[in-house]
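**Q** Sharing query.txt here; it has compact mmCIF, C-alpha atoms and all ligand atoms.
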# COMPACT_ATOMS: atom_id res chain seq x y z
CA MET A 1 61.50 126.14 102.00
CA GLU A 2 63.75 128.64 100.22
CA VAL A 3 61.22 129.80 97.65
CA PRO A 4 58.61 131.29 100.04
CA VAL A 5 61.33 133.18 101.90
CA ILE A 6 62.59 134.78 98.73
CA ARG A 7 59.07 135.60 97.62
CA ASN A 8 58.28 137.25 100.98
CA LEU A 9 61.40 139.34 100.70
CA LEU A 10 60.46 140.56 97.26
CA GLU A 11 56.86 141.20 98.32
CA ALA A 12 57.95 143.23 101.36
CA ASN A 13 60.26 145.21 99.11
CA ASP A 14 57.48 145.85 96.59
CA THR A 15 55.09 147.04 99.30
CA LEU A 16 57.56 149.60 100.56
CA ALA A 17 58.51 150.56 97.00
CA ARG A 18 54.84 151.42 96.33
CA GLN A 19 54.83 153.71 99.38
CA LEU A 20 57.98 155.42 98.12
CA LYS A 21 56.40 155.82 94.68
CA ASN A 22 53.36 157.52 96.23
CA MET A 23 55.58 159.83 98.23
CA PHE A 24 57.64 160.74 95.12
CA ALA A 25 54.42 161.35 93.19
CA ALA A 26 52.99 163.60 95.94
CA ARG A 27 56.21 165.63 95.94
CA ARG A 28 56.51 165.62 92.13
CA ILE A 29 60.00 164.13 92.41
CA LEU A 30 61.27 162.23 89.38
CA ALA A 31 63.13 159.19 90.76
CA LEU A 32 65.54 157.30 88.51
CA ASN A 33 67.35 154.04 89.28
CA LEU A 34 70.69 153.80 87.41
CA ILE A 35 71.75 150.21 86.77
CA SER A 36 74.88 148.94 85.01
CA SER A 37 77.89 146.72 85.49
CA PRO A 38 80.77 148.24 87.50
CA GLY A 39 82.64 150.88 85.53
CA ALA A 40 80.07 151.56 82.80
CA GLY A 41 79.99 155.19 83.86
CA LYS A 42 77.06 155.76 86.26
CA THR A 43 78.97 158.14 88.51
CA SER A 44 80.52 159.90 85.51
CA LEU A 45 77.07 160.46 84.01
CA LEU A 46 75.87 161.85 87.33
CA GLU A 47 78.86 164.18 87.67
CA ARG A 48 78.13 165.59 84.21
CA THR A 49 74.38 165.83 84.73
CA LEU A 50 74.56 167.41 88.17
CA THR A 51 77.01 170.00 86.90
CA ASP A 52 75.28 170.83 83.62
CA LEU A 53 71.71 171.01 84.97
CA GLN A 54 72.32 172.50 88.41
CA GLN A 55 70.69 175.83 87.49
CA GLU A 56 67.64 174.02 86.15
CA PHE A 57 66.77 171.36 88.74
CA GLY A 58 67.20 170.54 92.39
CA MET A 59 68.93 167.15 92.30
CA ALA A 60 69.97 164.61 94.92
CA VAL A 61 71.79 161.30 94.70
CA ILE A 62 71.65 158.08 96.69
CA GLU A 63 74.79 156.06 96.05
CA GLY A 64 74.92 152.30 96.57
CA ASP A 65 78.22 150.46 96.83
CA LEU A 66 79.51 147.46 98.69
CA GLN A 67 82.17 149.61 100.35
CA THR A 68 83.56 153.20 100.38
CA ASP A 69 81.96 156.61 100.02
CA ASN A 70 84.02 157.43 96.92
CA ASP A 71 81.04 157.91 94.62
CA ALA A 72 79.04 160.04 97.09
CA ARG A 73 82.09 162.27 97.44
CA ARG A 74 82.47 162.54 93.66
CA VAL A 75 78.87 163.64 93.16
CA ALA A 76 78.80 165.85 96.29
CA ALA A 77 81.72 167.78 94.74
CA THR A 78 79.21 169.13 92.19
CA GLY A 79 77.22 170.72 95.05
CA ALA A 80 74.35 168.21 94.95
CA GLN A 81 73.01 166.47 98.03
CA ALA A 82 74.48 162.97 98.20
CA VAL A 83 74.07 160.04 100.55
CA GLN A 84 76.16 156.88 100.44
CA ILE A 85 74.74 153.47 101.33
CA ASN A 86 77.25 150.68 101.95
CA THR A 87 75.61 147.31 101.42
CA ASN A 88 78.57 145.44 103.00
CA GLY A 89 78.52 142.72 100.39
CA GLY A 90 74.88 143.06 99.33
CA CYS A 91 74.55 143.05 95.53
CA HIS A 92 71.67 145.55 95.23
CA LEU A 93 69.80 148.38 96.93
CA SER A 94 66.33 147.81 98.36
CA SER A 95 63.45 150.14 99.14
CA SER A 96 64.16 149.97 102.90
CA MET A 97 67.69 151.25 102.23
CA ILE A 98 66.25 154.07 100.10
CA LEU A 99 63.79 155.00 102.85
CA GLU A 100 66.62 155.19 105.37
CA ALA A 101 68.81 157.27 103.04
CA LEU A 102 65.95 159.71 102.40
CA GLY A 103 66.15 160.64 106.08
CA SER A 104 69.42 162.43 105.25
CA ILE A 105 68.08 164.36 102.24
CA SER A 106 65.99 167.54 102.41
CA LEU A 107 63.42 166.63 99.81
CA ASP A 108 61.73 170.04 99.60
CA THR A 109 64.34 171.26 97.14
CA VAL A 110 64.56 168.05 95.08
CA ASP A 111 63.09 167.77 91.57
CA ILE A 112 65.09 164.73 90.47
CA LEU A 113 66.39 161.94 92.69
CA PHE A 114 69.06 159.69 91.18
CA ILE A 115 69.71 156.29 92.69
CA GLU A 116 73.05 154.82 91.61
CA ASN A 117 72.60 151.12 92.26
CA VAL A 118 75.30 148.60 93.10
CA GLY A 119 77.19 147.68 89.93
CA ASN A 120 75.78 144.56 88.34
CA LEU A 121 73.22 143.72 85.70
CA VAL A 122 71.25 141.11 87.66
CA CYS A 123 70.20 141.66 91.30
CA PRO A 124 69.38 145.40 91.18
CA VAL A 125 66.78 144.72 88.50
CA GLU A 126 64.71 142.52 90.82
CA PHE A 127 64.42 145.05 93.64
CA ASP A 128 62.13 148.00 92.97
CA CYS A 129 63.38 151.10 94.81
CA GLY A 130 60.22 153.14 94.19
CA GLU A 131 61.70 154.72 91.07
CA ASP A 132 59.72 156.07 88.14
CA HIS A 133 62.16 154.53 85.68
CA LYS A 134 65.12 152.22 85.55
CA ILE A 135 67.96 153.61 83.43
CA ALA A 136 70.27 150.95 81.98
CA LEU A 137 73.84 151.97 81.18
CA LEU A 138 76.05 149.93 78.92
CA SER A 139 79.50 151.04 77.92
CA VAL A 140 80.74 150.14 74.47
CA ALA A 141 83.72 148.33 76.01
CA GLU A 142 81.41 145.67 77.47
CA GLY A 143 80.22 144.05 74.25
CA ASP A 144 77.10 144.54 72.17
CA ASP A 145 75.57 141.21 73.28
CA LYS A 146 74.79 142.33 76.83
CA PRO A 147 71.11 143.18 76.20
CA GLU A 148 70.67 139.64 74.90
CA LYS A 149 72.52 138.13 77.88
CA TYR A 150 70.83 140.21 80.58
CA PRO A 151 67.33 140.63 79.17
CA LEU A 152 65.38 141.61 82.28
CA LEU A 153 67.14 144.94 82.76
CA PHE A 154 66.67 145.98 79.14
CA ASN A 155 63.13 144.71 79.23
CA LEU A 156 62.21 146.93 82.19
CA ALA A 157 64.35 150.01 81.56
CA ALA A 158 62.95 153.18 80.00
CA VAL A 159 66.33 154.25 78.63
CA MET A 160 69.49 152.46 77.52
CA ILE A 161 72.47 154.77 77.70
CA LEU A 162 75.34 153.54 75.53
CA ASN A 163 78.31 155.24 77.16
CA LYS A 164 81.94 155.71 76.10
CA THR A 165 81.22 156.30 72.42
CA ASP A 166 84.66 157.92 72.27
CA LEU A 167 86.05 154.36 72.51
CA LEU A 168 84.12 153.05 69.49
CA PRO A 169 87.16 153.17 67.18
CA TYR A 170 89.04 150.84 69.54
CA VAL A 171 86.42 148.21 70.41
CA ASN A 172 84.31 145.79 68.44
CA PHE A 173 80.90 147.16 69.39
CA GLN A 174 78.07 147.42 66.88
CA MET A 175 75.47 149.97 67.99
CA ASP A 176 72.88 148.37 65.72
CA THR A 177 73.39 144.96 67.28
CA ALA A 178 72.97 146.20 70.85
CA GLU A 179 69.93 148.23 69.88
CA ARG A 180 68.35 145.40 67.89
CA PHE A 181 68.61 142.96 70.83
CA ALA A 182 67.30 145.58 73.24
CA LYS A 183 64.37 146.65 71.03
CA LYS A 184 63.33 143.04 70.62
CA LEU A 185 62.91 142.90 74.39
CA ASN A 186 61.36 146.32 74.78
CA ALA A 187 59.97 148.24 71.81
CA ASP A 188 59.62 151.44 73.89
CA LEU A 189 63.25 151.53 75.02
CA VAL A 190 64.95 154.85 74.23
CA THR A 191 68.60 154.40 73.18
CA LEU A 192 70.95 157.27 73.90
CA PRO A 193 74.59 156.98 72.78
CA VAL A 194 76.77 159.31 74.89
CA SER A 195 80.32 159.95 75.93
CA CYS A 196 80.71 161.25 79.45
CA ARG A 197 84.30 161.99 78.53
CA THR A 198 83.69 164.25 75.51
CA GLY A 199 80.08 165.25 76.29
CA GLU A 200 78.85 163.90 72.96
CA GLY A 201 75.16 162.97 73.09
CA LEU A 202 74.53 164.31 76.58
CA ALA A 203 72.14 166.95 75.22
CA ASN A 204 69.77 164.12 74.25
CA TRP A 205 69.93 162.70 77.79
CA TYR A 206 69.17 166.13 79.22
CA ALA A 207 66.24 166.52 76.83
CA TRP A 208 64.90 163.14 77.98
CA LEU A 209 65.27 164.21 81.64
CA ARG A 210 63.41 167.48 81.01
CA LYS A 211 60.56 165.63 79.36
CA ALA A 212 60.36 162.99 82.08
CA ARG A 213 60.35 165.61 84.81
CA ALA A 214 57.68 167.66 82.98
CA GLY A 215 55.57 164.49 82.74
CA LYS A 216 55.87 164.13 86.49
CA LEU A 217 54.66 167.70 87.05
CA HIS A 218 51.64 167.40 84.82
CA GLY A 219 50.94 163.69 85.24
N1 LIG B 1 86.78 156.75 77.68
C1 LIG B 1 85.75 156.97 78.50
N2 LIG B 1 85.84 156.64 79.81
C2 LIG B 1 84.78 156.88 80.62
C3 LIG B 1 83.57 157.45 80.13
N3 LIG B 1 82.69 157.52 81.17
C4 LIG B 1 83.32 157.04 82.23
N4 LIG B 1 84.59 156.65 81.92
C5 LIG B 1 85.61 156.07 82.80
O1 LIG B 1 85.17 154.78 83.21
C6 LIG B 1 85.60 154.51 84.54
C7 LIG B 1 84.40 154.10 85.39
O2 LIG B 1 83.51 155.20 85.48
P1 LIG B 1 82.51 155.38 86.70
O3 LIG B 1 81.71 156.60 86.42
O4 LIG B 1 83.22 155.31 88.00
O5 LIG B 1 81.58 154.07 86.52
P2 LIG B 1 80.51 153.39 87.51
O6 LIG B 1 81.24 152.29 88.23
O7 LIG B 1 79.44 152.85 86.62
O8 LIG B 1 80.01 154.47 88.42
C8 LIG B 1 86.28 155.77 85.04
O9 LIG B 1 87.68 155.61 84.88
C9 LIG B 1 85.75 156.85 84.11
O10 LIG B 1 86.64 157.93 83.95
C10 LIG B 1 83.50 157.78 78.74
O11 LIG B 1 82.50 158.27 78.21
N5 LIG B 1 84.62 157.51 77.98
MG MG B 2 79.90 154.54 90.53
Take the structure in this file and express it as structure tokens.
**A**
Amino acid sequence: MEVPVIRNLLEANDTLARQLKNMFAARRILALNLISSPGAGKTSLLERTLTDLQQEFGMAVIEGDLQTDNDARRVAATGAQAVQINTNGGCHLSSSMILEALGSISLDTVDILFIENVGNLVCPVEFDCGEDHKIALLSVAEGDDKPEKYPLLFNLAAVMILNKTDLLPYVNFQMDTAERFAKKLNADLVTLPVSCRTGEGLANWYAWLRKARAGKLHG
């Protein structure tokens, strides 16, 4: 009895996600779903990106957390539109939550919509939120075997951001190992080592964003 219920839930989510995708396409909004374990640096990456690219793009953020509006407040401090969703224990965002949150965003000025998913490497991967791309973040403090242990995320993501490169001297993390596992799962995966603390590598992330957004305009 359990299996059909779960399947229906996923199907309903996928149907709504397709409608969101069509709406984002019609409005030429690039929608990105940021997925990582807690603390990998999703909000830090957003704070940097929203600050550094604010003259270039209209950007908005939907924040997903079990509790608190801490992250929405952090990103709103950059001047970007931000909406917080509290899942009250739920381990992922869903397309119905995104639809509801969009009611609080004026989309006419938005070029890029960031969705910061609830922190974990499992459940958020299963639930399409209508995004163009999933962005996987992995911090170097988490271990270079995570792509091998959590294959679905790295299989479906367009980009793997390897954050906290400033900590590389202090942790046993081999870039090559993480990248090799990830590339085995997904040959098209773009790997971007960055440090949100020092800013190292962020220019490559911004270049990727510009290209992805341009693709959305002309696609
Ligand atoms: N050393 C270092 N710390 C970072 C970096 N990026 C984020 N952090 C820290 O990691 C912690 C978690 O970051 P946060 O952005 O809240 O992660 P999130 O839970 O994925 O949104 C915070 O204390 C950040 O200051 C980085 O590049 N280097
Ligand atoms: Mg966060």
**Q** Please report as CSV every residue of chain A lying within 10 Å of ligand MG 2 (chain B), along with the nearest atom pair and their distance in Å (one decimal), using all atoms listed in the file.
**A**
residue,atom,partner,partner_atom,distance
A:Leu34,CA,B:MG2,MG,9.8
A:Ile35,CA,B:MG2,MG,10.0
A:Ser36,CA,B:MG2,MG,9.3
A:Ser37,CA,B:MG2,MG,9.5
A:Pro38,CA,B:MG2,MG,7.0
A:Gly39,CA,B:MG2,MG,6.8
A:Ala40,CA,B:MG2,MG,8.3
A:Gly41,CA,B:MG2,MG,6.7
A:Lys42,CA,B:MG2,MG,5.3
A:Thr43,CA,B:MG2,MG,4.2
A:Ser44,CA,B:MG2,MG,7.4
A:Leu45,CA,B:MG2,MG,9.3
A:Leu46,CA,B:MG2,MG,8.9
A:Glu63,CA,B:MG2,MG,7.7
A:Gly64,CA,B:MG2,MG,8.1
A:Asp65,CA,B:MG2,MG,7.7
A:Asp69,CA,B:MG2,MG,9.9
A:Asn70,CA,B:MG2,MG,8.1
A:Asp71,CA,B:MG2,MG,5.4
A:Ala72,CA,B:MG2,MG,8.6
A:Arg74,CA,B:MG2,MG,9.0
A:Val75,CA,B:MG2,MG,9.5
A:Glu116,CA,B:MG2,MG,6.9
A:Asn117,CA,B:MG2,MG,8.2
A:Val118,CA,B:MG2,MG,7.9
A:Gly119,CA,B:MG2,MG,7.4
**Q** How many Å lie between atom CA of Asn86 of chain A and atom CA of Ile115 of chain A, rounded to one decimal?
**A**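 Separation between atom CA of Asn86 of chain A and atom CA of Ile115 of chain A: 13.2 Å.
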**Q** For Asn186 of chain A, list every protein, DNA or RNA residue within 10 Å, evaluated using only C-alpha atoms, and leave out those in the same chain fewer than 3 positions away; present the list as a list in words.
**A**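 Everything that qualifies: Pro151, Leu152, Leu153, Phe154, Asn155, Leu156, Ala157, Ala158, Arg180, Phe181, Ala182, Lys183, Leu189 and Val190 of chain A.
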**Q** Measuring atom to atom with only C-alpha atoms, identify which of A:Leu185, A:Ala212, A:Ile98, A:Leu202 is nearest to Asn163 of chain A.
**A**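 Looking at the shortest contact to Asn163 of chain A, the residue is A:Leu202.
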**Q** Name the residues in contact with Val61 of chain A at a cut-off of 7 Å, using only C-alpha atoms, excluding same-chain residues fewer than 6 positions from it; report them as a compact mmCIF listing (two decimals) with C-alpha atoms, in the frame of the given file.
**A**
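Generated output (result_22.txt):
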# COMPACT_ATOMS: atom_id res chain seq x y z
CA GLN A 81 73.01 166.47 98.03
CA ALA A 82 74.48 162.97 98.20
CA VAL A 83 74.07 160.04 100.55
CA LEU A 113 66.39 161.94 92.69
CA PHE A 114 69.06 159.69 91.18
CA ILE A 115 69.71 156.29 92.69
**Q** Considering only C-alpha atoms and all ligand atoms, can you say which of A:Leu121, A:Cys129, A:Leu162, A:Leu167 comes closest to ligand LIG 1 (chain B)?
**A**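 Between A:Leu121, A:Cys129, A:Leu162, A:Leu167, the residue approaching ligand LIG 1 (chain B) most closely is A:Leu167.
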**Q** Go through A:Leu138, A:Ile112, A:Leu53, A:Ala214 one by one, measure the shortest atom-to-atom distance of each to Leu30 of chain A using all atoms listed in the file, and give the residue with the smallest value.
**A**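 Closest candidate: A:Ile112.
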**Q** Can you tell me, as a short mmCIF file (atom, residue, chain, number, x, y, z; two decimals) with C-alpha atoms, in the frame of the given file, which residues sit within 8 Å of (55.7, 166.6, 90.5) in the file's frame, using all atoms listed in the file?
**A**
data_model
loop_
_atom_site.label_atom_id
_atom_site.label_comp_id
_atom_site.auth_asym_id
_atom_site.auth_seq_id
_atom_site.Cartn_x
_atom_site.Cartn_y
_atom_site.Cartn_z
CA PHE A 24 57.64 160.74 95.12
CA ALA A 25 54.42 161.35 93.19
CA ALA A 26 52.99 163.60 95.94
CA ARG A 27 56.21 165.63 95.94
CA ARG A 28 56.51 165.62 92.13
CA ILE A 29 60.00 164.13 92.41
CA LEU A 30 61.27 162.23 89.38
CA ASP A 111 63.09 167.77 91.57
CA ARG A 213 60.35 165.61 84.81
CA ALA A 214 57.68 167.66 82.98
CA LYS A 216 55.87 164.13 86.49
CA LEU A 217 54.66 167.70 87.05
CA HIS A 218 51.64 167.40 84.82
CA GLY A 219 50.94 163.69 85.24
#
**Q** What does the structure give for the distance between atom CA of His92 of chain A and atom O2 of ligand LIG 1 (chain B), in Å to one decimal?
**A**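 Separation between atom CA of His92 of chain A and atom O2 of ligand LIG 1 (chain B): 18.1 Å.
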**Q** For a test of reading the model, state the distance in Å between atom CA of Gly58 of chain A and atom CA of His133 of chain A, rounded to one decimal.
**A** 18.1 Å
**Q** Restricting the calculation to all atoms listed in the file: of A:Lys164, A:Ile62, A:Glu11, A:Thr191, which residue gets closest to Gly103 of chain A?
**A**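 Comparing A:Lys164, A:Ile62, A:Glu11, A:Thr191 against Gly103 of chain A, the winner is A:Ile62.
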**Q** Find the axis-aligned box for segment 68-79 of chain A, covering all its listed atoms and adding 6 Å on each side, and write its centre and edge lengths in Å to one decimal as lines of an AutoDock Vina configuration file.
**A**
center_x = 80.6
center_y = 162.0
center_z = 96.3
size_x = 18.8
size_y = 29.5
size_z = 20.2
**Q** Under the rule that all atoms listed in the file are counted, which of A:Thr49, A:Ser94, A:Gln54, A:Thr109 is the nearest residue to ligand LIG 1 (chain B)?
**A** A:Thr49
